[in-house]
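Worksheet: the structure to be examined is printed underneath.
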Amino acid sequence: MDWNEGRERQAAPRRKRRSSLAAYGWVAASLMLLFVLGACSSSQTVFHTGGSGEESISTARVPWDYRIVEGTVGDLIGGDMTVLPDNELLPNDGNYATGDKIWTLQFMDAELTTDENQRNNIRLSSWQTIKSYKDEKSAQEDLTNLKVIVKTDVELVGVYATTHKNETRRFAVIELPTGNRIKQPIDEKRYAAMEKEKTVDVVLEEVHDFADYDLAYAKFRGWAE
């Protein structure tokens with residue numbers, strides 16, 4: 001896939017969203033420090049948004065998710081087309097005809113607010129259609145590059161157990177490369193293994209921005225065995 005060509009072709013319908021990205025871009029840059037994935041042999045990276053501790057609340061907009069949706073070309077309007085069933089307007093870059101079956105790539109971003117305790121409040125946007133494809137295979141190839149699974153080690157803040165009505169539950173708290181801390185339930189065996197550890201291996205999903213690939217957000221996807 002030619003990313004430069006893809007960005008150029010999609011610049012027109014996404015100019016509004018890109019201008020908003022420029023507005024918050026330097027704010028997000030102050031929150032995001034480059035984090036090297038030591039567990040990977042490649043140069044894949046995620047971003048660190050940990051604050052200095054002096055900031056009480058910080059906000060950034062990050063890429064959150066993508067999906068592929070099957071649709072049908074509706075009316076042709078100049079160089080644009082409507083896509084059914086939602087009647088969305090997109091550039092007719094593939095020279096489609098009314099009634100053609102196509103696949104579209106949809107994007108969701110998120111407003112991430114981090115408090116002084118590094119807990120996040122996430123507000124998701126609606127899905128936005130950003131590109132069309134003649135076949136599903138081409139769409140899947142783009143999706144593979146935009147959502148990347150990596151394995152790395154992260155800081156283990158600690159483990160703890162709670163007991164209620166004779167039932168014990170165990171949790172691990174980890175700090176992701178994005179700076180936010182999350183709590184995950186664990187079993188007794190993993191609790192014992194993690195109890196004295198400082199780091200732990202995890203699986204992360206890097207979600208990259210379609211128009212600015214260097215802008216990415218990492219999400220926890222499980223423990224690396």
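Starting from 1 in every chain, residues are counted up; chains themselves are A, B, ... following the order of the structure tokens, and ligands are numbered from 1 as listed.
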
- Message: Using DSSP secondary structure from the backbone, list all strand (DSSP E or B) positions within region 98-155 of chain A, as a VMD selection string.
- Response: chain A and resid 101 to 114 120 to 124 128 to 133 147 to 155

Write out, as a Markdown table, each residue of region 70-161 of chain A that has an atom at most 12 Å from region 179-192 of chain A, together with the closest pair of atoms and their distance in Å to one decimal, counting only C-alpha atoms, rows going by chain and rising number.
```
| residue | atom | partner | partner_atom | distance |
| --- | --- | --- | --- | --- |
| A:Leu112 | CA | A:Asn180 | CA | 10.0 |
| A:Thr113 | CA | A:Asn180 | CA | 10.1 |
| A:Thr114 | CA | A:Asn180 | CA | 7.5 |
| A:Asp115 | CA | A:Asn180 | CA | 9.5 |
| A:Glu116 | CA | A:Asn180 | CA | 10.5 |
| A:Asn117 | CA | A:Arg181 | CA | 8.7 |
| A:Gln118 | CA | A:Asn180 | CA | 5.2 |
| A:Arg119 | CA | A:Asn180 | CA | 6.0 |
| A:Asn120 | CA | A:Asn180 | CA | 6.6 |
| A:Asn121 | CA | A:Asn180 | CA | 10.2 |
| A:Ile122 | CA | A:Asn180 | CA | 11.4 |
| A:Val154 | CA | A:Gly179 | CA | 10.2 |
| A:Glu155 | CA | A:Arg181 | CA | 9.5 |
| A:Leu156 | CA | A:Arg181 | CA | 9.5 |
| A:Val157 | CA | A:Arg181 | CA | 8.3 |
| A:Gly158 | CA | A:Lys183 | CA | 9.7 |
| A:Val159 | CA | A:Tyr191 | CA | 6.8 |
| A:Tyr160 | CA | A:Tyr191 | CA | 8.1 |
| A:Ala161 | CA | A:Tyr191 | CA | 8.7 |
```

- What is the distance, in Å and to one decimal place, between CA of Lys134 (chain A) and CA of Tyr66 (chain A)? 17.9 Å

- So what do you get for CA of Ala110 (chain A) versus CA of Glu136 (chain A), distance-wise?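 We find that CA of Ala110 (chain A) and CA of Glu136 (chain A) lie 26.0 Å from each other.
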
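One distance worth recording is that between CA of Leu89 (chain A) and CA of Trp103 (chain A), which is 13.9 Å.
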
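If you measure from each of A:Glu205, A:Asp93, A:Glu88, A:Glu111 to Thr59 (chain A) using only C-alpha atoms, the closest one turns out to be A:Glu111.
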
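The residue that comes closest to Lys101 (chain A), out of A:Ala193, A:Ala172, A:Leu84, A:Leu215 and on the basis of only C-alpha atoms, is A:Leu84.
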
- Task: Quick one: pick out all helix (DSSP H, G or I) residues within region 138-170 of chain A from a backbone DSSP run and write them as an NGL selection string.
- Result: :A and (138-146)

- Pick out the residues sitting within 10 Å of region 97-99 of chain A, and hand them over as a list in words; count only C-alpha atoms, and ignore anything fewer than 5 positions along from it in its own chain.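 My reading of the contact set: Gly71, Thr72, Val73, Gly74, Asp75, Leu76, Met81, Thr82, Val83, Leu84 and Asn92 of chain A.
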
- Item | Pick from A:His164, A:Lys147, A:Lys131, A:Arg170, whichever lies nearest to Tyr213 (chain A) using only C-alpha atoms | A:Lys147
